[in-house]
Every structure is written in C-alpha cells, then in structure tokens.
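Here's the structure, in structure tokens; my notes come after.
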Amino acid sequence: MRERERIPSGCAVAGVLSWTGQPVGGETIIRAMRVMHERSNGLGGGFAGYGIYPDFAELYAFHLLYDSLESADDVEAILQKNFVIEHQEAIPFWEHSPITDYPVFIRYFLRPRGSEDEEELVVQTVMTVNARVEGAYVISSGKNMGVFKGVGYPEDIGEFFRLDEYQGYCWIAHGRFPTNSVGWWGGAHPFNLLNFSVVHNGELSSYGINRRYLENFGYFCTLQTDTEVIAYLLDLLLRRHKVPPAMLGAIFASPFWSEIDAMEEPQRSFYKAIRLTYGGALLNGPFSIIVGFEGGMLGLVDRIKLRPMVGGWDKDTFYLASEESAIREIAPHLNEIRALKAGEVMIGTVKEGVYHGQEFAVSRI
Amino acid sequence: MAKSLLFPEFKIERDAKRCIACQVCVRQCANAVHSYEEDDDTLWSEEERCVGCQRCVTLCPTGALEVRRREVGFRENANWEPAFLHRLYKQAETGGIVLASMGCDRPYTIYWDHLLLNASQVTNPSIDPLREPIEIRTFLGRKEASLDVDWENLSLKTKLAPQLELSLPVLFSAMSYGSISYNAFRSIVEAAQEIGTLCNSGEGGLHPDFYSFGEHIIVQVASGRFGVTPEYLGVAKAIEIKIGQGAKPGIGGHLPGEKVSPEISRTRRIPVGSDAISPAPHHDIYSIEDLERLVFAIKEATGYRKPVSVKIAAVHNVAAIASGCVRAGADIVAIDGIRGGTGAAPQVIRDNVGIPIELALAQVDERLRREGIRHRASIVVAGGIRSSSDVIKAIALGADAVYVGTAALLALGCHLCQKCYTGRCNWGIATQDPLLTKRLNPRIGKRRLVNLMRAWALEMKEILGGMGINAIESLRGNREQLRAVGLREEEARLLGVKMAGEGW
C-alpha cells in the first residue's frame with residue numbers, strides 16, 4: 001500500500017547545467033551528492049536528467065513505477081488510448097547494488113495519436129494513471145528527459161540506475177532526510193510533470209492552501225507530499241499561465257509589501273498584481289528548490305532564506321547545491337560562487353548563460 | 001391592572017458602610033433604578049428596572065454597589081429555564097413579540113473553541129515577529145485567475161478589479177447611525193481611518209459629517225434604501241447590498257420614530273419622528289437574477305470603481321446562495337452567522353434562526369473552490385468574532401477577513417446587557433438621548449478601538465510566526481493549520497479539518 005501521509009523532510013539538493021549544451025555524464029551529479037551524504041538518511045534519493053534520450057527526443061518518455069507488474073496491462077491500456085507506444089523497455093539497473101528491495105521500472109516512449117493539445121493530454125494521462133491504477137505511478141513524463149528515484153542514499157540510487165551510462169545537458173538531484181520513515185519509492189524526489197522537475201529541501205507551512213488552490217485549477221494531489229504541489233504549480237504557472245521561469249520567485253517567494261511599496265511604477269503595480277492574483281501559490285515556510293525545465297535550470301530560496309543554497313558557474317557549466325562543498329567537488333575552477341539571497345532566482349539556460357536576481361530584470365553575469 | 005408576574009433579573013447589593021450617598025448611581029442610571037430619599041439620606045434601588053449594564057457599579061466611587069444575577073427561587077426545572085418563564089410572563093402580559101439585542105446568547109456549539117492551531121517545531125522554523133516581517137495586509141475584491149502580461153516589457157494588460165486594502169483582516173461591521181449614537185459612529189469611523197481598515201455605515205445612510213472619511217467606509221444599500229443617494233454611493237470606498245443579517249435572517253428592521261431625531265432624519269432622508277421600516281426582502285430582489293441587476297446597477301452608477309459586497313445571513317443553504325451571489329457579480333460576499341449582533345430583533349428569531357458562522361464559512365469556501373470561482377469574490381465573515389484567535393481560525397477556514405461588531409462595541413464600553421432596543425444605553429452607545437450620548441467621548445472611543453486592533457494585530461503576528469507563516473495569504477483556507485478537538489467526526493468533516501492528534 002502507498003503511504004498517504006505527508007512527510008516533511010530535510011534534504012540535500014544539487015543541480016548541474018551545461019549552458020553550452022555539451023553533455024555531462026550522470027556520475028558527475030552522483031559525486032556532488034556523495035559529498036552531502038550526511039544531509040540524507042537513506043530514505044530517499046533521486047535524479048532527473050535532461051537530454052538523456054536523444055534517440056527518442058520527440059517522444060514523451062514515461063517512467064513508470066510498478067509495485068508489481070500486474071497493473072501494467074491497466075496502465076498500458078490507458079496509455080494506448082491517446083498514445084502510440086513506440087518503444088518500451090525495463091529501465092536498466094545494477095543487479096549487484098547494495099539496494100535489494102526495489103519495485104519494477106519500465107519506460108515507455110509515446111507518440112500522441114491526436115493533434116489536440118498534447119501537453120494537456122499528457123497531464124491528464126498522468127493524473128489518470130496515478131489516481132486510478134493501484135500500484136502504478138508515473139514518475140516522469142517529459143520529452144528527452146527522465147526521473148530516477150528510490151529509497152536509499154542518493155549516490156546508491158544513482159548507481160542502482162547506472163546513471164554513469166547516461167549523458168545529459170542538465171541534472172538535478174535530491175537526497176532525503178524525512179522525519180518519518182517511508183518505504184515507497186514514488187515518494188522520493190524529483191517530482192515531475194511534463195518537462196518540469198523539482199527537487200525540494202524544506203517544508204511548506206502553506207501546503208494546506210497550496211493544495212486547495214491547485215484544486216481550483218483541476219489538480220488533485222495524490223501523494224500528500226509538499227513537493228507534489230510545487231510540481232503542479234510549476235505546470236500551472238510555466239505551461240498554462242506562460243509565466244517565464246525567471247518570474248517564479250515573484251510568485252513562490254514574493255517580495256514583502258514593504259519592498260513593493262518602495263518600488264517605482266510600473267513595477268509596483270506589477271508586483272502587487274502578482275501577489276493579489278497568486279497569493280494561493282505563495283510558498284511559505286523554509287525551502288530551497290531546484291527546478292529543471294526544457295533548456296534550463298533554476299534555484300530559488302524562500303522569502304527569508306531559511307534553507308541553504310549556493311550557486312556557481314565556470315566557463316560552460318552552472319551549478320546549484322545545498323552546500324558549496326558539493327559544487328567544489330565537481331568544479332574545482334569556478335569563476336564565481338555565491339549564496340542565493342532570500343527570494344532570489346538564479347537561473348541558467350542553454351546558450352544564454354546564467355542570470356540571477358530578485359527582480360524580473362535580472363542582471364546578466 | 002394586575003400586578004406583574006415578572007421577577008427582577010438582577011439583585012442589587014449596596015454596602016451601606018461604603019456608600020457615601022453621592023448619588024452617582026442615581027444620575028447614571030437611565031432606567032431610573034436608583035433613587036435618593038432626602039428625608040432620611042438613603043438610597044433605594046428598584047431592582048425590577050435593572051438591566052444589568054453595570055454602569056453604576058463601574059462608576060460608584062467607593063465600590064459600594066454590586067449587581068448580580070438574581071438567584072430565582074423557582075423549583076429547578078431543566079426544561080423551563082428562568083429565561084423562558086420570564087419571556088412567557090412578558091408575552092402573557094403584553095401580547096407582543098419579545099425583543100432582544102446583540103447576538104444569540106444560547107449555548108450552541110462555538111466551533112472556534114473546538115479548533116486548535118498549529119505551530120512549527122524543528123522541521124520548520126517558527127518565525128519571530130520581532131525580527132522578521134509578518135504580513136497581515138489584506139485586499140478584498142475580485143481577483144483574477146491568471147494575468148495577461150507582456151513579460152518582455154513587464155507591462156500588465158489585465159485591468160485589476162477595484163480592491164479594498166486593509167492593514168489587518170478585520171473590518172467594523174455594519175452599525176447604523178440610529179442604532180448607535182453619533183459619538184459611537186464617529187469613534188468607529190475615526191478608528192477605521194487610523195487603523196487602515198474600513199467600517200460599515202449600516203443601512204441608515206451616512207451623516208454628511210462623515211463624507212470626508214469615505215475612503216474608510218463601506219455604505220449599505222438595504223431594503224429600506226435609507227439615505228441612498230448618488231453622493232452616498234460616491235463618497236464610499238465600497239458598497240454593500242444587505243440582504244440579510246445573522247441576528248435576524250429573513251426579517252426586516254424597524255427604527256422607531258422616537259429615535260428619528262433631526263440629525264437622523266437628515267441622514268436617513270425621512271421625516272423627523274417617522275418610523276424607519278426596512279422591509280424583510282428588497283422589493284426589487286425576488287430572485288438571484290434580480291440581485292445581479294442591482295449589483296450591476298450599482299456598478300454602473302459608480303463607474304466600476306468600487307467593489308460591491310453582498311451581505312447574507314448564514315442559513316441552511318448558504319453555500320449555494322453564496323455561489324449565486326458570486327455569479328451575480330458580487331466582489332465580496334459577507335456572511336453573518338447566528339451569533340451576529342443587532343440593535344433590535346425578535347428574540348425568537350435571534351435565538352433560533354440561522355447557523356453558526358464557522359460551518360457556513362467552511363461550506364462556502366469549499367463550495368466556491370470546488371466550482372473554481374473562489375478567486376472571483378472575497379469572503380468576509382461576521383457573527384461572534386471575539387478575539388484574534390477567532391480571526392486566525394476564520395482565515396484558516398477560508399475567510400479573507402472578518403467583520404467585528406459586538407467586539408467593537410465592547411471596546412467602547414458596552415457590557416452586553418442586550419437592551420439596545422430600549423434606546424436607554426447607559427454607556428452612550430445604543431441611544432440617541434443627548435444626555436446619554438455625551439457619555440461616550442469619541443476621542444477616547446477611537447483610542448480604545450485602535451488599541452484593540454493593534455493588540456489583535458500583534459497577537460495574529462505571533463500566531464502566524466509560530467506557524468512558520470509570514471504572509472496571511474498562506475494561512476487563508478489553509479485548514480491543515482487547524483485541528484478539531486471535542487467535535488464529532490461529522491462536524492470535523494463539515495469544517496474540513498482533521499481531528500487533533502492526526503498529523504499531516
């Protein structure tokens with residue numbers, strides 16, 4: 001049975017983005033996570049890799065977690081309703097891994113049958129599988145990307161999924177320190193919907209309203225985790241409301257009214273409108289998150305910086321991590337490294353470099 | 001006429017050793033309870049006239065007086081409480097409807113007292129309001145589901161609906177000039193301005209002296225339409241259509257002619273001495289589509305520059321009614337629960353009609369969210385908000401803000417004797433008698449209201465900080481912060497909260 005309780009947790013997060021677009025091997029992010037071993041307690045670890053399926057780049061890659069393969073027929077029937085399964089295979093894993101108790105992972109590469117709103121179709125399919133099929137869960141559903149996660153220390157999970165055999169332009173990762181034991185692999189981070197993935201260190205005091213706010217837009221949380229609401233908020237804001245990723249800070253960690261009052265027009269009206277409209281999407285409580293999206297990665301910390309996050313970059317790569325040591329481990333020659341400020345977005349996109357700032361008009365570095 | 005069977009409700013004890021026969025009690029009591037016998041220099045009290053307002057007790061310089069509930073000598077009877085006997089005798093003697101004031105005082109479950117708040121420990125740091133900002137600024141009015149923005153140039157294409165900005169999520173309830181005194185009204189209006197919130201004119205129009213405070217006044221359009229003029233609508237910050245009141249759902253209002261002084265006549269636009277009668281329904285609103293027409297008539301008349309609120313009483317089908325109000329164009333839905341106060345209402349209505357505001361609020365918020373229209377109107381709740389923790393619990397259940405009426409009057413000196421309808425308020429609040437009204441100094445009244453709101457704001461910030469929340473919007477509708485204690489599961493389900501002891 002799935003654990004339906006919401007489990008708050010402390011954590012380690014890290015991300016790597018090659019903003020020149022050249023591939024980075026999965027072992028790089030595993031090394032960064034290994035340094036932060038003590039931030040996790042072996043009850044959850046996971047990774048999202050972007051650009052890892054160049055041969056199927058145009059297809060939606062669904063990673064399915066099955067408690068048992070008995071439910072595979074039901075899932076495949078749902079998938080085939082709207083998609084052609086172009087290819088499917090078991091996700092390879094290391095059989096001699098110290099991790100011995102694991103569910104079944106299968107990935108499907110899907111081509112939509114119709115020409116209607118494909119992304120909406122993917123979202124609906126994910127919601128249907130997760131809500132209706134007992135013992136099956138879609139853990140990622142983007143194009144040319146995938147999520148690998150489970151119960152264990154992150155470095156062990158990375159090796160279990162043989163991530164050193166993948167190459168991607170972006171990786172984000174998570175090590176979990178839940179304050180309550182949970183034995184379910186789907187509860188680990190990252191959480192994903194379409195191309196948006198999020199890893200999260202923190203606990204949301206605003207969870208109760210974030211969840212109800214999302215119900216207003218037809219998202220129903222099935223996992224009872226804080227982070228699930230962030231994944232759905234990302235879909236709502238970035239995909240449906242076309243909010244640029246750099247503006248997420250203004251919504252998730254909005255400036256204080258005193259700061260807005262001190263702004264010049266038209267900025268003041270603009271930020272006021274954002275707060276009035278997206279109050280239910282404000283994330284309150286301590287958090288630092290890394291969001292992976294198509295062609296980029298961003299880091300964001302809460303309004304009063306209650307959780308750590310540092311960002312750094314060298315000539316071709318952008319790094320984010322809970323601790324500086326994780327970045328130093330994989331990037332000995334950094335051009336710059338700095339702690340993110342409260343409410344600050346630090347964002348890197350392929351071909352465009354790294355931006356950061358609390359304002360929309362972020363300065364280029 | 002036969003001797004009345006009514007028994008005094010209060011017992012007055014005068015300590016002869018302390019009493020100095022200064023006659024303060026004689027002069028202070030508008031009900032003429034106390035009298036002085038010059039012949040033998042003694043004071044005498046007629047207890048059957050006493051309403052228990054405690055004015056004489058408070059002002060007696062030597063503490064010689066004590067007014068207590070009188071222990072009635074009837075044989076105990078759990079079915080026939082003394083209050084029922086009292087009312088029954090009164091009706092047998094007069095043949096009339098028994099009036100009452102303030103809110104329902106029956107011991108129905110007060111759900112606020114069965115809801116407990118959360119705080120952060122270890123996994124989530126609590127926030128110290130002395131060190132970090134905790135924001136309780138609140139905006140009322142229609143919100144957008146999403147914004148149309150030119151992200152390149154940071155320009156907003158969506159035109160936002162007009163908003164009421166409050167420094168804290170508390171407004172002063174509708175209390176008309178007429179039901180309360182000029183000085184009480186002035187105390188409230190000036191306090192609203194200093195606090196940075198709004199008060200509500202009630203249905204009695206607006207005295208021209210207060211036009212300059214319009215930015216802090218919501219004016220009412222009620223079934224009697226008293227004082228509704230273009231100017232009245234023009235000076236206000238927002239307009240509220242009053243459909244119902246928690247103390248008397250389904251019932252109109254009646255300001256007796258003897259209270260219609262020249263000043264009140266000027267405010268209500270009715271002749272001096274004539275009764276001001278508000279019909280039970282609006283005679284141009286017999287259906288939801290009629291409400292829509294009035295909402296938009298008001299919006300047209302005010303150029304869509306002011307939010308329009310619709311105030312309804314919490315009745316059984318309140319969720320569907322509120323949904324209809326939102327769809328009819330209300331920018332704010334104000335809901336008044338069974339414990340909401342009044343200047344005068346039939347006691348049988350006050351005590352038996354309507355439902356507790358907590359249940360109404362929980363159902364309305366849930367219904368609007370399920371229909372995907374919660375953002376289209378703010379919810380303001382009224383009726384029995386007694387403290388900052390009640391405010392916090394209301395917001396966690398889903399309210400945007402609360403109205404306080406009784407709490408504000410208490411701050412002005414009210415002692416809840418529930419006799420507002422007599423017009424002889426010894427505290428100078430619910431009266432038009434010039435000798436009584438001057439007992440309330442509006443400068444002092446304002447200061448007391450400002451103090452109360454300041455204290456509540458500080459307490460709310462402490463509570464929010466403890467929860468690890470630094471903006472009120474993260475509490476609004478956040479029922480995870482509430483747990484039920486001492487409730488049945490069905491009640492907890494209706495409130496949308498888990499039982500105490502359950503984790504996330």
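Here's how to read the names in the structure tokens: chain A, B, ... by the order shown, residue numbers from 1 in each chain, ligand numbers from 1 in the order shown.
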Closest pair table for chain B residues within 6 Å of chain A, only C-alpha atoms, as a Markdown table:
```
| residue | atom | partner | partner_atom | distance |
| --- | --- | --- | --- | --- |
| B:Lys143 | CA | A:Thr277 | CA | 5.8 |
| B:Glu144 | CA | A:Thr277 | CA | 5.6 |
| B:Arg369 | CA | A:Asn216 | CA | 5.4 |
| B:Gly372 | CA | A:Asn216 | CA | 4.6 |
| B:Gly468 | CA | A:Gly285 | CA | 5.5 |
| B:Ile469 | CA | A:Asn284 | CA | 5.8 |
| B:Glu473 | CA | A:Gly279 | CA | 5.4 |
| B:Ser474 | CA | A:Ser206 | CA | 4.9 |
| B:Gly477 | CA | A:Ile209 | CA | 5.5 |
| B:Asn478 | CA | A:Ile209 | CA | 4.3 |
| B:Arg479 | CA | A:Gly208 | CA | 5.9 |
| B:Glu480 | CA | A:Gly208 | CA | 5.0 |
| B:Trp504 | CA | A:Arg6 | CA | 5.3 |
```
List every residue of range 21-248 of chain A that DSSP, applied to the backbone, labels as strand (DSSP E), and write the result as a PyMOL selection string.
chain A and resi 24-25+45-50+60-66+83-90+104-112+136-140+145-150+167-168+170-178+191-193+196-202
Just give me the gap between CA of Arg68 in chain B and CA of Ser101 in chain B in Å, one decimal is fine.
19.9 Å
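Pairwise distance (CA of Ser309 in chain B, CA of Gly141 in chain B) equals 8.5 Å.
Across the structure, CA of Ser45 in chain B and CA of Leu85 in chain B are spaced 23.5 Å apart.
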List the spatial neighbours of Gly244 in chain B as a list of chain:residue names - criterion: any atom at most 7 Å away, only C-alpha atoms, same-chain residues fewer than 3 positions off excluded.
B:Pro249, B:Gly250, B:Lys311, B:Ile312, B:Ala313
Neighbours of range 19-25 of chain A within 10 Å (only C-alpha atoms; same-chain residues fewer than 6 positions away dropped), as number ranges by chain?
A: 49-52, 163-171, 295-297, 313-318, 348-354
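Between Val402 in chain B and the candidates B:Cys199, B:Ala320, B:Leu115, B:Leu5, the tightest atom-to-atom separation, counting only C-alpha atoms, involves B:Cys199.
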Can you tell me, as a list in words, what residues are no more than 7 Å from Gln88 in chain A when counting only C-alpha atoms, ignoring any on the same chain fewer than 5 positions away?
Arg107, Tyr108 and Phe109 of chain A
List every residue of range 313-431 of chain B that has an atom at most 10 Å from any atom of range 117-121 of chain B, and for each one report the closest atom pair and its distance in Å to one decimal, counting only C-alpha atoms, with rows sorted by chain and then by increasing residue number, as a Markdown table.
```
| residue | atom | partner | partner_atom | distance |
| --- | --- | --- | --- | --- |
| B:Ser389 | CA | B:Leu117 | CA | 8.7 |
| B:Ile392 | CA | B:Leu117 | CA | 8.7 |
| B:Lys393 | CA | B:Leu117 | CA | 7.6 |
| B:Ala396 | CA | B:Leu117 | CA | 9.2 |
```
Can those selected residues be exported to a file as a JSON list (two decimals), in the first residue's frame so that it contains N, CA and C atoms?
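Contents of selection.json, as written:
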```
[["chain", "number", "residue", "atom", "x", "y", "z"],
["B", 389, "SER", "N", -7.59, 35.11, 17.99],
["B", 389, "SER", "CA", -7.51, 33.70, 17.60],
["B", 389, "SER", "C", -8.75, 33.30, 16.79],
["B", 392, "ILE", "N", -7.90, 34.41, 13.32],
["B", 392, "ILE", "CA", -6.94, 33.50, 12.68],
["B", 392, "ILE", "C", -7.65, 32.21, 12.24],
["B", 393, "LYS", "N", -8.51, 31.70, 13.10],
["B", 393, "LYS", "CA", -9.22, 30.45, 12.76],
["B", 393, "LYS", "C", -10.17, 30.67, 11.58],
["B", 396, "ALA", "N", -8.04, 30.71, 8.50],
["B", 396, "ALA", "CA", -7.58, 29.36, 8.16],
["B", 396, "ALA", "C", -8.72, 28.52, 7.57]]
```
Might you pull out every residue within 7 Å of Leu300 in chain A, with only C-alpha atoms counted and same-chain residues fewer than 2 positions away left off, and present them as a PyMOL selection string?
chain A and resi 249+288-290+298+302+343-346
